[in-house]
Amino acid sequence: MNGIDQQPACYGYLYVCLASVLFAISGTSSKFLFSTGITPSQLIQLRTTLAWAGLMLWLWLRHSDLLKISIRDLPYFLLLGVLGLGSAQFFYLFAISKISVSAAILLHYTGPAFVALYVVFIQRQKIGFVSVLAIFGALTGCFFVVGAYDLQLLVLNRLGIISGLLAAISFAVYSISSDYGMRKYAPYTVLLYGLLFAMLMWNLLHPPLEAFMHRYSPVQWGWILFIGTLGTIVPFGLYFQGIKRIRPAHASVTAILEPISASVIAAVFLGELMTPVQVSGGLLVLGSIAMLQLDKTKH
C-alpha cells in the first residue's frame with residue numbers, strides 16, 4: 001500500500017478518468033435494465049448488495065488487514081453510506097428512469113460546484129484561479145456535451161429534475177466525506193464500510209433481498225453483475241484512490257469526463273454521432289481537466 005501512496009498526483013487523475021468511463025457504461029446499462037422492467041429500487045438493492053458482498057469477499061481473501069476499523073468511526077461510515085454512496089446511486093438511477101440519460105448526467109455533474117462551495121465557505125480553503133476557471137470550463141463543456149442547449153431537454157419530469165439535483169448533492173457528500181475517511185483508512189476500507197451501510201439502507205427501505213427473488217434473463221443478469229462489480233466496486237475504488245491523491249474538488253471536476261464517455265459509447269454502439277458543438281464541449285472538458293494539474297495552490 002505504501003508504494004501506491006507514493007505515486008505522483010497524475011495517477012489520481014488517471015484513476016478518476018478510468019472510473020468515469022466505467023460509470024458511463026454503468027449508467028447506460030442501467031437505462032437498458034429499466035426498459036426491461038427492473039425498477040430503480042430493485043437495481044439499487046441489487047447493486048449495493050452485490051458490490052458489498054463482492055468487495056467483502058475479495059478483501060477477506062486477499063487483504064484481511066483492511067477490514068479493521070475503530071468502532072468510534074461507525075457514525076462516519078453511516079453518514080458516508082446513507083447520505084453519500086447509497087443516496088447518490090439511487091437518486092442518479094431514479095433520475096435516469098424519469099428523464100434522459102443526458103439530462104440526468106448534466107444535473108448530476110453540477111456536483112463539483114457544491115464541492116467547491118463547501119471547500120471555500122466551510123473548510124475555508126483557498127481554490128486557485130486556475131481551478132476556478134477549470135470548474136467553470138468543465139461545467140460549460142458538460143452543458144454542450146449533453147446537448148443542454150436543445151430546448152427540448154428542458155421539458156423534463158419534475159421528479160427527475162429534483163432527483164438529479166439530489167444526486168449532485170450526494171455526489172458532493174461522498175466526495176468530501178471519503179477524503180476525510182482516507183486520512184485514516186485505505187480507500188477500499190472506506191468503500192467497504194460505506195457500501196455496508198448503503199446496502200443495509202436499501203435492504204430496509206426495500207423489502208430485504210426482494211430484488212433477488214425475480215427471474216431475470218441471462219442478459220439482464222449479465223448487466224446486473226457488471227453494474228455490481230465493474231460498475232460499482234471498481235469505479236468507486238478508483239475514484240477513492242483518485243481523491244486520496246488529488247483534492248476532492250479536482251477529482252469531482254475530473255469525473256465530468258463521464259458524459260464524454262457516455263456520448264462516445266452511444267456513438268460507437270448506438271450510432272448516435274456527436275455534433276461539432278458536442279465535440280467542442282468534450283474538448284473543453286478535457287482541457288479543463290488538464291488545467292487542474294497546473295494549479296499549485298496548497299491545501
# chains A, B, ... in the order shown; residues from 1 in each chain; ligands from 1

$ residues_around --residues "Gly111 (chain A)" --least-positions-apart "6" --cutoff "6 Å" --atoms "only C-alpha atoms" --output "JSON, numbers by chain"
{"A": [168, 169, 171, 172]}

$ write_last_selection --atoms "C-alpha atoms" --output "PDB file, in the first residue's frame"
ATOM      1  CA  ALA A 168     -25.395  16.061  -7.300  1.00  0.00           C
ATOM      2  CA  ILE A 169     -25.568  16.961  -3.602  1.00  0.00           C
ATOM      3  CA  PHE A 171     -22.080  13.179  -5.054  1.00  0.00           C
ATOM      4  CA  ALA A 172     -20.549  16.135  -3.225  1.00  0.00           C
TER       5      ALA A 172
END

$ residues_around --residues "Pro248 (chain A)" --least-positions-apart "4" --cutoff "12 Å" --atoms "only C-alpha atoms" --output "short mmCIF file (atom, residue, chain, number, x, y, z; two decimals) with C-alpha atoms, in the first residue's frame"
data_model
loop_
_atom_site.label_atom_id
_atom_site.label_comp_id
_atom_site.auth_asym_id
_atom_site.auth_seq_id
_atom_site.Cartn_x
_atom_site.Cartn_y
_atom_site.Cartn_z
CA GLY A 12 -5.06 10.39 -9.25
CA TYR A 13 -6.38 12.00 -12.44
CA VAL A 16 -10.73 9.22 -11.78
CA GLY A 111 -21.86 18.27 -8.00
CA PRO A 112 -18.37 19.81 -8.44
CA ALA A 113 -19.90 23.24 -7.86
CA PHE A 114 -21.26 22.05 -4.48
CA VAL A 115 -17.84 20.57 -3.63
CA ALA A 116 -16.12 23.87 -4.49
CA LEU A 117 -18.61 25.87 -2.40
CA TYR A 118 -18.03 23.57 0.58
CA VAL A 119 -14.26 23.78 0.27
CA GLN A 125 -9.58 26.51 1.89
CA ILE A 127 -9.05 27.46 -4.55
CA SER A 131 -9.09 25.75 -10.61
CA PHE A 171 -22.08 13.18 -5.05
CA ALA A 172 -20.55 16.13 -3.22
CA VAL A 173 -21.18 14.47 0.16
CA TYR A 174 -19.31 11.28 -0.68
CA SER A 175 -16.52 13.16 -2.46
CA ILE A 176 -15.88 15.30 0.62
CA SER A 177 -16.55 12.69 3.32
CA SER A 178 -14.46 9.99 1.63
CA ASP A 179 -11.50 12.38 1.62
CA TYR A 180 -11.92 12.72 5.40
CA MET A 182 -8.94 8.28 3.84
CA TYR A 239 -12.44 7.29 -7.61
CA PHE A 240 -11.48 6.99 -3.94
CA GLN A 241 -7.89 6.20 -4.96
CA GLY A 242 -8.01 9.38 -7.03
CA ILE A 243 -9.35 11.50 -4.17
CA LYS A 244 -6.51 10.21 -1.97
CA SER A 252 -15.11 15.81 -8.85
CA VAL A 253 -14.31 18.06 -11.83
CA THR A 254 -12.23 15.34 -13.49
CA ALA A 255 -15.21 12.98 -13.12
CA LEU A 292 -6.35 21.43 -12.89
CA HIS A 299 -4.41 22.52 0.60
#

$ closest_residue --among "A:Ala186, A:Val82, A:Ala53, A:Ile161" --to "Lys98 (chain A)" --atoms "only C-alpha atoms"
A:Ile161

$ select_by_dssp --residues "region 79-113 of chain A" --states "alpha helix (DSSP H)" --output "PyMOL selection string"
chain A and resi 79+87-98+101-108+111-113

$ write_last_selection --atoms "C-alpha atoms" --output "PDB file, in the first residue's frame"
ATOM      1  CA  LEU A  79     -23.035   9.099   7.065  1.00  0.00           C
ATOM      2  CA  SER A  87     -28.302   8.232  -1.837  1.00  0.00           C
ATOM      3  CA  ALA A  88     -26.117   9.266  -4.793  1.00  0.00           C
ATOM      4  CA  GLN A  89     -26.585   5.933  -6.563  1.00  0.00           C
ATOM      5  CA  PHE A  90     -30.336   5.838  -6.022  1.00  0.00           C
ATOM      6  CA  PHE A  91     -31.079   9.441  -6.996  1.00  0.00           C
ATOM      7  CA  TYR A  92     -28.925   9.095 -10.112  1.00  0.00           C
ATOM      8  CA  LEU A  93     -30.642   5.857 -11.153  1.00  0.00           C
ATOM      9  CA  PHE A  94     -34.082   7.310 -10.374  1.00  0.00           C
ATOM     10  CA  ALA A  95     -33.287  10.397 -12.463  1.00  0.00           C
ATOM     11  CA  ILE A  96     -32.217   8.157 -15.366  1.00  0.00           C
ATOM     12  CA  SER A  97     -35.515   6.275 -15.112  1.00  0.00           C
ATOM     13  CA  LYS A  98     -37.530   9.528 -15.320  1.00  0.00           C
ATOM     14  CA  VAL A 101     -29.503   9.957 -19.557  1.00  0.00           C
ATOM     15  CA  SER A 102     -28.010  13.208 -20.903  1.00  0.00           C
ATOM     16  CA  ALA A 103     -30.216  15.373 -18.691  1.00  0.00           C
ATOM     17  CA  ALA A 104     -29.538  13.173 -15.648  1.00  0.00           C
ATOM     18  CA  ILE A 105     -25.777  13.416 -16.230  1.00  0.00           C
ATOM     19  CA  LEU A 106     -25.994  17.203 -16.621  1.00  0.00           C
ATOM     20  CA  LEU A 107     -27.799  17.569 -13.287  1.00  0.00           C
ATOM     21  CA  HIS A 108     -25.587  15.017 -11.536  1.00  0.00           C
ATOM     22  CA  GLY A 111     -21.860  18.266  -8.001  1.00  0.00           C
ATOM     23  CA  PRO A 112     -18.368  19.808  -8.444  1.00  0.00           C
ATOM     24  CA  ALA A 113     -19.901  23.237  -7.865  1.00  0.00           C
TER      25      ALA A 113
END

$ residues_around --residues "Leu284 (chain A)" --least-positions-apart "6" --cutoff "12 Å" --atoms "only C-alpha atoms" --output "number ranges by chain"
A: 133-145, 254, 256-257, 260, 277-278, 290-291

$ write_last_selection --atoms "C-alpha atoms" --output "PDB file, in the first residue's frame"
ATOM      1  CA  LEU A 133     -11.535  28.524 -14.496  1.00  0.00           C
ATOM      2  CA  ALA A 134     -11.303  24.733 -14.793  1.00  0.00           C
ATOM      3  CA  ILE A 135     -14.524  24.186 -12.836  1.00  0.00           C
ATOM      4  CA  PHE A 136     -16.373  26.749 -14.949  1.00  0.00           C
ATOM      5  CA  GLY A 137     -14.916  25.297 -18.154  1.00  0.00           C
ATOM      6  CA  ALA A 138     -15.778  21.722 -17.230  1.00  0.00           C
ATOM      7  CA  LEU A 139     -19.382  22.579 -16.324  1.00  0.00           C
ATOM      8  CA  THR A 140     -19.753  24.579 -19.541  1.00  0.00           C
ATOM      9  CA  GLY A 141     -18.287  21.723 -21.557  1.00  0.00           C
ATOM     10  CA  CYS A 142     -20.668  19.274 -19.882  1.00  0.00           C
ATOM     11  CA  PHE A 143     -23.556  21.582 -20.820  1.00  0.00           C
ATOM     12  CA  PHE A 144     -22.616  21.316 -24.502  1.00  0.00           C
ATOM     13  CA  VAL A 145     -21.707  17.613 -24.482  1.00  0.00           C
ATOM     14  CA  THR A 254     -12.230  15.339 -13.495  1.00  0.00           C
ATOM     15  CA  ILE A 256     -17.118  15.200 -15.582  1.00  0.00           C
ATOM     16  CA  LEU A 257     -15.314  13.074 -18.165  1.00  0.00           C
ATOM     17  CA  ILE A 260     -17.977  12.465 -22.756  1.00  0.00           C
ATOM     18  CA  VAL A 277     -20.839  21.543 -30.726  1.00  0.00           C
ATOM     19  CA  GLN A 278     -20.770  18.405 -28.555  1.00  0.00           C
ATOM     20  CA  ALA A 290      -5.593  19.384 -17.888  1.00  0.00           C
ATOM     21  CA  MET A 291      -5.773  22.883 -16.357  1.00  0.00           C
TER      22      MET A 291
END

$ closest_atom_pairs --of "region 190-251 of chain A" --to "region 55-59 of chain A" --cutoff "12 Å" --atoms "only C-alpha atoms" --output "tab-separated table"
residue	atom	partner	partner_atom	distance
A:Val190	CA	A:Leu55	CA	11.3
A:Leu191	CA	A:Leu55	CA	8.7
A:Leu192	CA	A:Leu55	CA	6.6
A:Tyr193	CA	A:Met56	CA	9.3
A:Gly194	CA	A:Leu55	CA	11.4
A:Leu195	CA	A:Leu55	CA	9.1
A:Leu196	CA	A:Met56	CA	9.2
A:Gly228	CA	A:Leu55	CA	10.0
A:Thr229	CA	A:Leu55	CA	8.4
A:Leu230	CA	A:Leu55	CA	11.2
A:Thr232	CA	A:Leu55	CA	9.9
A:Ile233	CA	A:Leu55	CA	6.7
A:Val234	CA	A:Leu55	CA	9.3
A:Phe236	CA	A:Leu55	CA	11.2
A:Gly237	CA	A:Leu55	CA	9.9

$ write_last_selection --atoms "N, CA and C atoms" --output "PDB file, in the first residue's frame"
ATOM      1  N   VAL A 190     -12.620   2.348   3.289  1.00  0.00           N
ATOM      2  CA  VAL A 190     -13.668   3.381   3.291  1.00  0.00           C
ATOM      3  C   VAL A 190     -14.823   2.945   2.395  1.00  0.00           C
ATOM      4  N   LEU A 191     -14.514   2.421   1.224  1.00  0.00           N
ATOM      5  CA  LEU A 191     -15.560   1.981   0.295  1.00  0.00           C
ATOM      6  C   LEU A 191     -16.356   0.823   0.864  1.00  0.00           C
ATOM      7  N   LEU A 192     -15.677  -0.154   1.472  1.00  0.00           N
ATOM      8  CA  LEU A 192     -16.364  -1.337   2.011  1.00  0.00           C
ATOM      9  C   LEU A 192     -17.414  -0.956   3.044  1.00  0.00           C
ATOM     10  N   TYR A 193     -17.031  -0.143   4.018  1.00  0.00           N
ATOM     11  CA  TYR A 193     -17.970   0.186   5.091  1.00  0.00           C
ATOM     12  C   TYR A 193     -18.996   1.231   4.662  1.00  0.00           C
ATOM     13  N   GLY A 194     -18.651   2.048   3.687  1.00  0.00           N
ATOM     14  CA  GLY A 194     -19.666   2.932   3.112  1.00  0.00           C
ATOM     15  C   GLY A 194     -20.718   2.114   2.391  1.00  0.00           C
ATOM     16  N   LEU A 195     -20.275   1.128   1.604  1.00  0.00           N
ATOM     17  CA  LEU A 195     -21.206   0.240   0.899  1.00  0.00           C
ATOM     18  C   LEU A 195     -22.024  -0.597   1.871  1.00  0.00           C
ATOM     19  N   LEU A 196     -21.432  -0.972   3.007  1.00  0.00           N
ATOM     20  CA  LEU A 196     -22.166  -1.763   4.002  1.00  0.00           C
ATOM     21  C   LEU A 196     -23.428  -1.030   4.438  1.00  0.00           C
ATOM     22  N   GLY A 228     -22.861  -4.285 -10.584  1.00  0.00           N
ATOM     23  CA  GLY A 228     -22.473  -4.527  -9.203  1.00  0.00           C
ATOM     24  C   GLY A 228     -20.968  -4.603  -8.989  1.00  0.00           C
ATOM     25  N   THR A 229     -20.216  -4.980 -10.028  1.00  0.00           N
ATOM     26  CA  THR A 229     -18.759  -5.139  -9.883  1.00  0.00           C
ATOM     27  C   THR A 229     -18.012  -4.046 -10.651  1.00  0.00           C
ATOM     28  N   LEU A 230     -17.950  -4.180 -11.970  1.00  0.00           N
ATOM     29  CA  LEU A 230     -17.211  -3.212 -12.788  1.00  0.00           C
ATOM     30  C   LEU A 230     -17.899  -1.858 -12.836  1.00  0.00           C
ATOM     31  N   THR A 232     -19.504  -0.611 -10.027  1.00  0.00           N
ATOM     32  CA  THR A 232     -19.587  -0.073  -8.666  1.00  0.00           C
ATOM     33  C   THR A 232     -18.269  -0.249  -7.911  1.00  0.00           C
ATOM     34  N   ILE A 233     -17.874  -1.495  -7.641  1.00  0.00           N
ATOM     35  CA  ILE A 233     -16.656  -1.726  -6.849  1.00  0.00           C
ATOM     36  C   ILE A 233     -15.443  -1.069  -7.501  1.00  0.00           C
ATOM     37  N   VAL A 234     -15.227  -1.372  -8.769  1.00  0.00           N
ATOM     38  CA  VAL A 234     -14.021  -0.890  -9.450  1.00  0.00           C
ATOM     39  C   VAL A 234     -14.020   0.633  -9.618  1.00  0.00           C
ATOM     40  N   PHE A 236     -15.802   3.054  -8.038  1.00  0.00           N
ATOM     41  CA  PHE A 236     -15.751   3.769  -6.762  1.00  0.00           C
ATOM     42  C   PHE A 236     -14.380   3.602  -6.115  1.00  0.00           C
ATOM     43  N   GLY A 237     -13.795   2.401  -6.249  1.00  0.00           N
ATOM     44  CA  GLY A 237     -12.458   2.191  -5.720  1.00  0.00           C
ATOM     45  C   GLY A 237     -11.440   3.091  -6.406  1.00  0.00           C
TER      46      GLY A 237
END

$ residues_around --residues "region 202-216 of chain A" --least-positions-apart "2" --cutoff "7 Å" --atoms "only C-alpha atoms" --output "ChimeraX atom specification"
/A:41-42,45-46,198-200,218,220-221

$ write_last_selection --atoms "C-alpha atoms" --output "PDB file, in the first residue's frame"
ATOM      1  CA  SER A  41     -35.340   0.438  -6.097  1.00  0.00           C
ATOM      2  CA  GLN A  42     -34.649  -3.107  -7.254  1.00  0.00           C
ATOM      3  CA  GLN A  45     -30.655  -3.100  -3.897  1.00  0.00           C
ATOM      4  CA  LEU A  46     -29.018  -5.488  -6.363  1.00  0.00           C
ATOM      5  CA  ALA A 198     -25.711   1.766   1.755  1.00  0.00           C
ATOM      6  CA  MET A 199     -26.610  -1.914   1.360  1.00  0.00           C
ATOM      7  CA  LEU A 200     -28.313  -2.061   4.762  1.00  0.00           C
ATOM      8  CA  PRO A 218     -29.116 -14.180 -18.816  1.00  0.00           C
ATOM      9  CA  GLN A 220     -30.245  -8.997 -17.520  1.00  0.00           C
ATOM     10  CA  TRP A 221     -28.095 -10.937 -15.047  1.00  0.00           C
TER      11      TRP A 221
END

$ atom_distance --atom1 "CA of Trp52 (chain A)" --atom2 "CA of Ser163 (chain A)"
23.9 Å
